[in-house]
Amino acid sequence: MRSKKEAKRILKAFGRAEGKARIEYIDSFLPEKTSYIGSINYRHILRRAAIVVVLMVMIMALAASAYAAVLHYLNYIKIEHKDNDEYISVDGTSGKDDDYSDITFLEPTYIPDGYTLKSESYDEVFQEKIWRYVSKNGEALNILEYPAIVGVHMDNEGATRSTEIIRDTEIVLYNYPDGTAGVLQYDKTLIIINSCLDAEEMKKIVLGIIPE
Amino acid sequence: MTDALWYNKQRVKLGVKVLFILNALQIIQDSIEDIFKKYLPMMRSLALSILKDHHLSEDAVQEALVKLHRYSNKTGNINANDTKIFIYIVTRNEAINIKRQEDRRNSFETDVPFSEDFVSSTIGGQLNVEQFSEECSFGPEISDFLNKLSLVDKDILTYKYSYGYSFKEIADTLGMKRDAVYKRHKRALDKLKVIIEEANEK
């Protein structure tokens with residue numbers, strides 16, 4: 001009888017402690033610490049985006065003429081939303097799709113220790129290639145390549161963003177608390193890398209993709 | 001190929017996509033939009049702690065939001081602690097489902113089956129059992145027992161002892177039968193009782 005009472009007491013204490021731990025975890029993410037999306041007025045956004053596109057095309061055209069010979073730059077317009085950065089292809093919006101009918105896929109040659117290839121897929125119709133790697137701990141490393149006319153979104157919540165030049169190639173790096181991501185363009189190929197790795201490993205992966 | 005194509009088509013970020021779909025269908029309820037605004041960072045982080053993959057985590061969160069919309073009668077006041085726990089459990093379970101599917105897909109190649117123990121050890125928001133046992137001066141046998149409780153058992157104990165839910169209320173919340181909830185609780189109680197008796201005999 002006494003042991004039953006003791007067992008109930010222990011389960012009660014455990015149930016309360018488990019509940020408290022969960023609430024503390026949930027409350028640590030509450031909105032006052034993070035941004036969130038309100039209701040979105042698409043017409044307003046499209047109008048603003050159109051003005052930004054026109055301005056940026058003019059600026060990018062100037063920049064492209066100056067850098068095209070020496071730098072592989074990200075030929076995209078970036079629109080920063082509250083929880084994601086939207087990348088709009090300059091060539092994609094100016095109807096240059098035909099120029100991207102036959103892109104080159106760049107095979108990764110450096111993969112961090114402990115990671116193995118989980119799958120490699122290729123879509124002939126959309127010209128998309130994806131390499132998925134996984135570590136022994138189940139952490140994912142994904143390398144995605146598309147024609148650089150595809151629009152993409154990168155999570156920017158809680159991220160520190162930086163732009164670097166690696167082997168004459170512009171890369172936008174996103175440093176999250178639990179990993180990094182990168183966006184870069186090499187010739188007509190857009191490359192996106194998502195991982196739980198740090199920035200240094202990310203850069204080594206990029207060096208293993210970009211031709212010397 | 002099908003998976004890759006599906007993932008590639010989900011380029012639009014979760015927030016824009018969900019709101020767009022729900023707005024377009026005009027079925028959005030204030031509670032789901034409020035849940036989305038308030039708990040999205042937690043849901044993402046929780047899913048990521050299980051799946052270790054941003055894309056899969058977003059899928060899990062999306063599935064959880066659809067489920068929460070379906071069970072909107074259970075969410076009520078979204079600021080209440082028991083509602084927070086419900087959102088946590090739904091998100092966690094969707095992430096685990098996706099992990100199971102992924103591991104099942106991979107087990108053909110690696111012979112590594114899905115393990116709830118491995119997933120449990122990485123889930124955000126869980127009580128540190130060793131620390132808790134030390135603070136309450138429980139012996140190693142009790143600590144070991146508490147550590148081995150399944151996620152469903154922990155959910156039942158949380159609702160029962162943190163929020164005073166009856167077995168029927170717990171069953172309704174978790175989508176289980178009342179008898180199943182009662183039996184799980186009794187089994188945990190009886191097992192712990194035996195451990196205590198054996199410890200006392202020593």
# chains A, B, ... in the order shown; residues from 1 in each chain; ligands from 1
>>> residues_around(residues="Thr104 in chain A", least_positions_apart="3", cutoff="9 Å", atoms="only C-alpha atoms", output="VMD selection string")
chain A and resid 147 187 to 189
>>> interface_residues(of="chain B", to="chain A", cutoff="6 Å", atoms="only C-alpha atoms", output="MDAnalysis selection string")
chainID B and resid 11 37:38 42 52:53 125 127 157:158 161:162 192:193
>>> atom_distance(atom1="CA of Tyr115 in chain A", atom2="CA of Leu197 in chain A")
11.0 Å
>>> residues_around(residues="His72 in chain A", least_positions_apart="4", cutoff="8 Å", atoms="only C-alpha atoms", output="mmCIF file with C-alpha atoms, in the first residue's frame")
data_model
loop_
_atom_site.group_PDB
_atom_site.id
_atom_site.type_symbol
_atom_site.label_atom_id
_atom_site.label_comp_id
_atom_site.auth_asym_id
_atom_site.auth_seq_id
_atom_site.Cartn_x
_atom_site.Cartn_y
_atom_site.Cartn_z
ATOM 1 C CA ALA A 68 31.104 39.937 -65.375
ATOM 2 C CA ASP A 168 35.791 34.667 -57.588
ATOM 3 C CA THR A 169 32.263 33.502 -56.808
ATOM 4 C CA GLU A 170 29.805 35.495 -54.752
ATOM 5 C CA GLN A 185 25.513 31.105 -58.790
ATOM 6 C CA TYR A 186 28.196 29.701 -61.060
ATOM 7 C CA ASP A 187 27.562 30.583 -64.698
#
>>> atom_distance(atom1="CA of Ser133 in chain B", atom2="CA of Ile85 in chain B")
22.6 Å
